[in-house]
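Remarks on the structure that follows.
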Amino acid sequence: MDDELAALVEPLTVAQEAVLKGGVMRGDRVLVVGPGTIGQAIALYARMAEAAEVVVVGKNDPHRFETLRALGFLDLIDTRDGDLETALASRFAGRKFDIIFEATGVPEVVQGALTFLRKEGVLLVAGIHPRPAALDLTRLVRERHQIRGSQRAPRHVWPRVLDSLVTEGERIRHMITHRMPLDQGVEALELARTRQASKIILSPVTRKRSS
């Protein structure tokens, strides 16, 4: 395995663990809210788990949507002109998801996502939130929803990810949109912060010594 694929292993383990915790099975309808690196990888592993449908939602995120298209995902929803519920209602009124993954870190997304979760469905929260989220607990009880959290992956998940990189590495490589030298690290962070890049690989440059 080459170095740049190896550099993807750790974030991929986070996503693989989320998919395992969510319990994705063949035929499931899956919604991923958040098109960043973790959201992209969750979509990949949900597809590898044979989900029947994988929909990814983002907000004003054309560059990362382009990456998702390169990864083979075409069912993408942009909420730039409204909120999550409005954007999804126009497409999925009456059709709910078996599992929803939250990978945004935006607390307001959580309640909106639950609206589109089927009865007894699972909401898997993978985002890190700056403040608590408000939830309609009565609705949660009546719908018998499950909310699960996932963060790091235990050791046994890592070999699964390595195996996936052996078999699907060239497809997964599309997650890498920029390759830059280490001394441009500040510029790379700015590209990531402004969402102009998806995954950036920084490589040390060996400088020749002057004689």
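Labels for the structure tokens follow display order: chains A, B, ..., residues from 1 in each chain, ligands from 1.
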
Check chain A with DSSP on the backbone and list each residue it calls strand (DSSP E), as a ChimeraX atom specification. /A:29-33,53-58,76-78,97-102,117-125,146-149,176-181,199-203

Pull the closest atom pair for each residue of segment 39-146 of chain A that gets at most 9 Å from segment 21-30 of chain A, along with the distance in Å to one decimal, counting only C-alpha atoms, ordering rows by chain and then ascending residue number, as a tab-separated table.
```
residue	atom	partner	partner_atom	distance
A:Ala43	CA	A:Val30	CA	8.3
A:Ala46	CA	A:Val24	CA	6.4
A:Arg47	CA	A:Arg26	CA	8.9
A:Ala49	CA	A:Met25	CA	5.9
A:Glu50	CA	A:Arg26	CA	4.4
A:Ala51	CA	A:Asp28	CA	4.7
A:Ala52	CA	A:Gly27	CA	4.3
A:Glu53	CA	A:Arg29	CA	4.8
A:Val54	CA	A:Val30	CA	4.8
A:Val55	CA	A:Val30	CA	6.3
A:Val56	CA	A:Val30	CA	8.6
A:Lys96	CA	A:Arg29	CA	7.9
A:Phe97	CA	A:Arg29	CA	5.1
A:Asp98	CA	A:Arg29	CA	5.3
A:Ile99	CA	A:Val30	CA	5.1
A:Ile100	CA	A:Val30	CA	5.8
A:Phe101	CA	A:Val30	CA	7.7
A:Val122	CA	A:Gly22	CA	6.5
A:Leu123	CA	A:Gly22	CA	7.5
A:Leu124	CA	A:Gly22	CA	5.8
```

Preceding selection exported with N, CA and C atoms as a PDB file, in the first residue's frame:
```pdb
ATOM      1  N   ALA A  43     -20.431   6.945   3.711  1.00  0.00           N
ATOM      2  CA  ALA A  43     -21.181   6.568   2.508  1.00  0.00           C
ATOM      3  C   ALA A  43     -20.517   5.377   1.808  1.00  0.00           C
ATOM      4  N   ALA A  46     -21.106   2.215   3.906  1.00  0.00           N
ATOM      5  CA  ALA A  46     -22.516   1.822   3.833  1.00  0.00           C
ATOM      6  C   ALA A  46     -22.783   1.108   2.510  1.00  0.00           C
ATOM      7  N   ARG A  47     -22.183   1.620   1.443  1.00  0.00           N
ATOM      8  CA  ARG A  47     -22.341   0.958   0.142  1.00  0.00           C
ATOM      9  C   ARG A  47     -21.680  -0.422   0.158  1.00  0.00           C
ATOM     10  N   ALA A  49     -21.474  -2.286   2.636  1.00  0.00           N
ATOM     11  CA  ALA A  49     -22.358  -3.145   3.437  1.00  0.00           C
ATOM     12  C   ALA A  49     -23.639  -3.500   2.688  1.00  0.00           C
ATOM     13  N   GLU A  50     -23.709  -3.081   1.420  1.00  0.00           N
ATOM     14  CA  GLU A  50     -24.811  -3.417   0.515  1.00  0.00           C
ATOM     15  C   GLU A  50     -26.102  -2.696   0.843  1.00  0.00           C
ATOM     16  N   ALA A  51     -25.974  -1.457   1.332  1.00  0.00           N
ATOM     17  CA  ALA A  51     -27.170  -0.622   1.463  1.00  0.00           C
ATOM     18  C   ALA A  51     -27.795  -0.449   0.079  1.00  0.00           C
ATOM     19  N   ALA A  52     -29.111  -0.454   0.027  1.00  0.00           N
ATOM     20  CA  ALA A  52     -29.791  -0.331  -1.258  1.00  0.00           C
ATOM     21  C   ALA A  52     -29.757   1.102  -1.782  1.00  0.00           C
ATOM     22  N   GLU A  53     -29.684   2.067  -0.868  1.00  0.00           N
ATOM     23  CA  GLU A  53     -29.714   3.480  -1.250  1.00  0.00           C
ATOM     24  C   GLU A  53     -28.858   4.262  -0.267  1.00  0.00           C
ATOM     25  N   VAL A  54     -27.993   5.127  -0.799  1.00  0.00           N
ATOM     26  CA  VAL A  54     -27.171   5.998   0.034  1.00  0.00           C
ATOM     27  C   VAL A  54     -27.320   7.420  -0.487  1.00  0.00           C
ATOM     28  N   VAL A  55     -27.926   8.267   0.322  1.00  0.00           N
ATOM     29  CA  VAL A  55     -28.144   9.669  -0.023  1.00  0.00           C
ATOM     30  C   VAL A  55     -27.254  10.521   0.880  1.00  0.00           C
ATOM     31  N   VAL A  56     -26.580  11.521   0.292  1.00  0.00           N
ATOM     32  CA  VAL A  56     -25.703  12.391   1.071  1.00  0.00           C
ATOM     33  C   VAL A  56     -26.206  13.830   0.977  1.00  0.00           C
ATOM     34  N   LYS A  96     -39.018   7.050   4.297  1.00  0.00           N
ATOM     35  CA  LYS A  96     -38.089   7.309   5.389  1.00  0.00           C
ATOM     36  C   LYS A  96     -36.892   6.372   5.319  1.00  0.00           C
ATOM     37  N   PHE A  97     -35.860   6.726   6.077  1.00  0.00           N
ATOM     38  CA  PHE A  97     -34.605   5.993   6.031  1.00  0.00           C
ATOM     39  C   PHE A  97     -34.499   5.026   7.209  1.00  0.00           C
ATOM     40  N   ASP A  98     -33.801   3.922   6.960  1.00  0.00           N
ATOM     41  CA  ASP A  98     -33.567   2.941   8.023  1.00  0.00           C
ATOM     42  C   ASP A  98     -32.510   3.430   9.003  1.00  0.00           C
ATOM     43  N   ILE A  99     -31.466   4.082   8.460  1.00  0.00           N
ATOM     44  CA  ILE A  99     -30.360   4.569   9.289  1.00  0.00           C
ATOM     45  C   ILE A  99     -29.943   5.937   8.768  1.00  0.00           C
ATOM     46  N   ILE A 100     -29.766   6.876   9.686  1.00  0.00           N
ATOM     47  CA  ILE A 100     -29.276   8.209   9.335  1.00  0.00           C
ATOM     48  C   ILE A 100     -27.982   8.456  10.096  1.00  0.00           C
ATOM     49  N   PHE A 101     -26.979   8.925   9.375  1.00  0.00           N
ATOM     50  CA  PHE A 101     -25.690   9.265   9.981  1.00  0.00           C
ATOM     51  C   PHE A 101     -25.544  10.781  10.009  1.00  0.00           C
ATOM     52  N   VAL A 122     -32.408   3.947  13.283  1.00  0.00           N
ATOM     53  CA  VAL A 122     -31.225   4.333  14.052  1.00  0.00           C
ATOM     54  C   VAL A 122     -30.658   5.649  13.536  1.00  0.00           C
ATOM     55  N   LEU A 123     -30.434   6.588  14.444  1.00  0.00           N
ATOM     56  CA  LEU A 123     -29.665   7.797  14.146  1.00  0.00           C
ATOM     57  C   LEU A 123     -28.291   7.621  14.774  1.00  0.00           C
ATOM     58  N   LEU A 124     -27.252   7.592  13.936  1.00  0.00           N
ATOM     59  CA  LEU A 124     -25.889   7.445  14.424  1.00  0.00           C
ATOM     60  C   LEU A 124     -25.214   8.810  14.367  1.00  0.00           C
TER      61      LEU A 124
END
```

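Considering only C-alpha atoms, the residue among A:Pro181, A:Pro204, A:Pro132, A:Pro159 positioned nearest to Val109 of chain A is A:Pro132.
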
As a VMD selection string, please: the residues near segment 83-94 of chain A (cut-off 10 Å, only C-alpha atoms, same-chain neighbours under 2 positions excluded). chain A and resid 33 57 to 59 77 to 81 96 to 97 108 to 116 118

Write a file of the just-selected residues containing N, CA and C atoms, as a JSON list (two decimals), in the first residue's frame.
```
[["chain", "number", "residue", "atom", "x", "y", "z"],
["A", 33, "VAL", "N", -25.71, 12.81, 6.55],
["A", 33, "VAL", "CA", -25.80, 14.28, 6.63],
["A", 33, "VAL", "C", -24.40, 14.80, 6.93],
["A", 57, "VAL", "N", -26.27, 14.49, 2.12],
["A", 57, "VAL", "CA", -26.76, 15.87, 2.19],
["A", 57, "VAL", "C", -25.62, 16.79, 2.63],
["A", 58, "GLY", "N", -25.51, 17.94, 1.98],
["A", 58, "GLY", "CA", -24.56, 18.97, 2.37],
["A", 58, "GLY", "C", -25.17, 20.34, 2.18],
["A", 59, "LYS", "N", -24.44, 21.35, 2.60],
["A", 59, "LYS", "CA", -24.96, 22.72, 2.45],
["A", 59, "LYS", "C", -23.91, 23.59, 1.78],
["A", 77, "ILE", "N", -27.88, 15.97, -2.13],
["A", 77, "ILE", "CA", -28.87, 17.03, -1.88],
["A", 77, "ILE", "C", -28.18, 18.22, -1.24],
["A", 78, "ASP", "N", -28.33, 19.38, -1.85],
["A", 78, "ASP", "CA", -27.74, 20.61, -1.34],
["A", 78, "ASP", "C", -28.83, 21.43, -0.65],
["A", 79, "THR", "N", -28.61, 21.77, 0.62],
["A", 79, "THR", "CA", -29.62, 22.53, 1.38],
["A", 79, "THR", "C", -29.33, 24.02, 1.39],
["A", 80, "ARG", "N", -28.56, 24.50, 0.44],
["A", 80, "ARG", "CA", -28.11, 25.89, 0.49],
["A", 80, "ARG", "C", -29.27, 26.90, 0.52],
["A", 81, "ASP", "N", -30.40, 26.55, -0.08],
["A", 81, "ASP", "CA", -31.52, 27.50, -0.16],
["A", 81, "ASP", "C", -32.60, 27.25, 0.89],
["A", 96, "LYS", "N", -39.02, 7.05, 4.30],
["A", 96, "LYS", "CA", -38.09, 7.31, 5.39],
["A", 96, "LYS", "C", -36.89, 6.37, 5.32],
["A", 97, "PHE", "N", -35.86, 6.73, 6.08],
["A", 97, "PHE", "CA", -34.61, 5.99, 6.03],
["A", 97, "PHE", "C", -34.50, 5.03, 7.21],
["A", 108, "GLU", "N", -28.41, 21.63, 15.37],
["A", 108, "GLU", "CA", -29.76, 21.80, 14.83],
["A", 108, "GLU", "C", -30.12, 20.71, 13.82],
["A", 109, "VAL", "N", -29.13, 20.06, 13.26],
["A", 109, "VAL", "CA", -29.37, 19.02, 12.26],
["A", 109, "VAL", "C", -30.03, 17.79, 12.87],
["A", 110, "VAL", "N", -29.75, 17.53, 14.14],
["A", 110, "VAL", "CA", -30.16, 16.26, 14.74],
["A", 110, "VAL", "C", -31.66, 16.08, 14.73],
["A", 111, "GLN", "N", -32.41, 17.06, 15.23],
["A", 111, "GLN", "CA", -33.87, 16.93, 15.27],
["A", 111, "GLN", "C", -34.45, 16.88, 13.87],
["A", 112, "GLY", "N", -33.91, 17.69, 12.97],
["A", 112, "GLY", "CA", -34.40, 17.67, 11.59],
["A", 112, "GLY", "C", -34.21, 16.32, 10.93],
["A", 113, "ALA", "N", -33.08, 15.69, 11.21],
["A", 113, "ALA", "CA", -32.81, 14.38, 10.63],
["A", 113, "ALA", "C", -33.79, 13.33, 11.13],
["A", 114, "LEU", "N", -34.14, 13.40, 12.41],
["A", 114, "LEU", "CA", -35.05, 12.41, 13.00],
["A", 114, "LEU", "C", -36.41, 12.39, 12.30],
["A", 115, "THR", "N", -36.79, 13.50, 11.70],
["A", 115, "THR", "CA", -38.06, 13.57, 10.99],
["A", 115, "THR", "C", -38.14, 12.54, 9.86],
["A", 116, "PHE", "N", -36.97, 12.18, 9.31],
["A", 116, "PHE", "CA", -36.94, 11.30, 8.15],
["A", 116, "PHE", "C", -36.45, 9.89, 8.49],
["A", 118, "ARG", "N", -37.28, 6.19, 9.90],
["A", 118, "ARG", "CA", -38.43, 5.31, 10.04],
["A", 118, "ARG", "C", -38.62, 4.89, 11.50]]
```

Separating atom CA of Arg148 of chain A from atom CA of Leu76 of chain A, to the nearest tenth of an Å, is a gap of 24.0 Å

Give the helix (DSSP H, G or I) residues of segment 4-204 of chain A, as DSSP finds them on the backbone, and put them as a PyMOL selection string. chain A and resi 4-6+9-22+37-48+62-70+84-92+108-114+137-143+157-175+182-193

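Interatomic distance, atom CA of Ala134 of chain A against atom CA of Glu102 of chain A: 14.6 Å.
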
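Taking atom CA of Glu168 of chain A and atom CA of Met1 of chain A as endpoints, the distance between them is 11.6 Å.
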
I need the residue nearest Leu162 of chain A from this list: A:Asp2, A:Gly39, A:Val14, A:Val9. Use only C-alpha atoms for the distance.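 The closest residue to Leu162 of chain A is A:Val9.
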
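Counting only C-alpha atoms, the residue from A:Thr37, A:Gln184, A:Thr167, A:Thr13 that sits nearest to Thr67 of chain A is A:Thr37.
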
Select, from A:Leu31, A:Leu44, A:Val106, A:Ile200, the residue with the minimum atom-to-atom distance to Ala133 of chain A, counting only C-alpha atoms.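 Looking at the shortest contact to Ala133 of chain A, the residue is A:Val106.
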
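Among the candidate residues A:Leu165, A:Ile42, A:Ile176, A:Ile128, the one lying nearest to Lys199 of chain A is A:Ile176, with distances computed using only C-alpha atoms.
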
For Arg171 of chain A, which residue out of A:Gly36, A:Ser198, A:Ser150, A:Leu71 is the nearest one, using only C-alpha atoms? A:Leu71
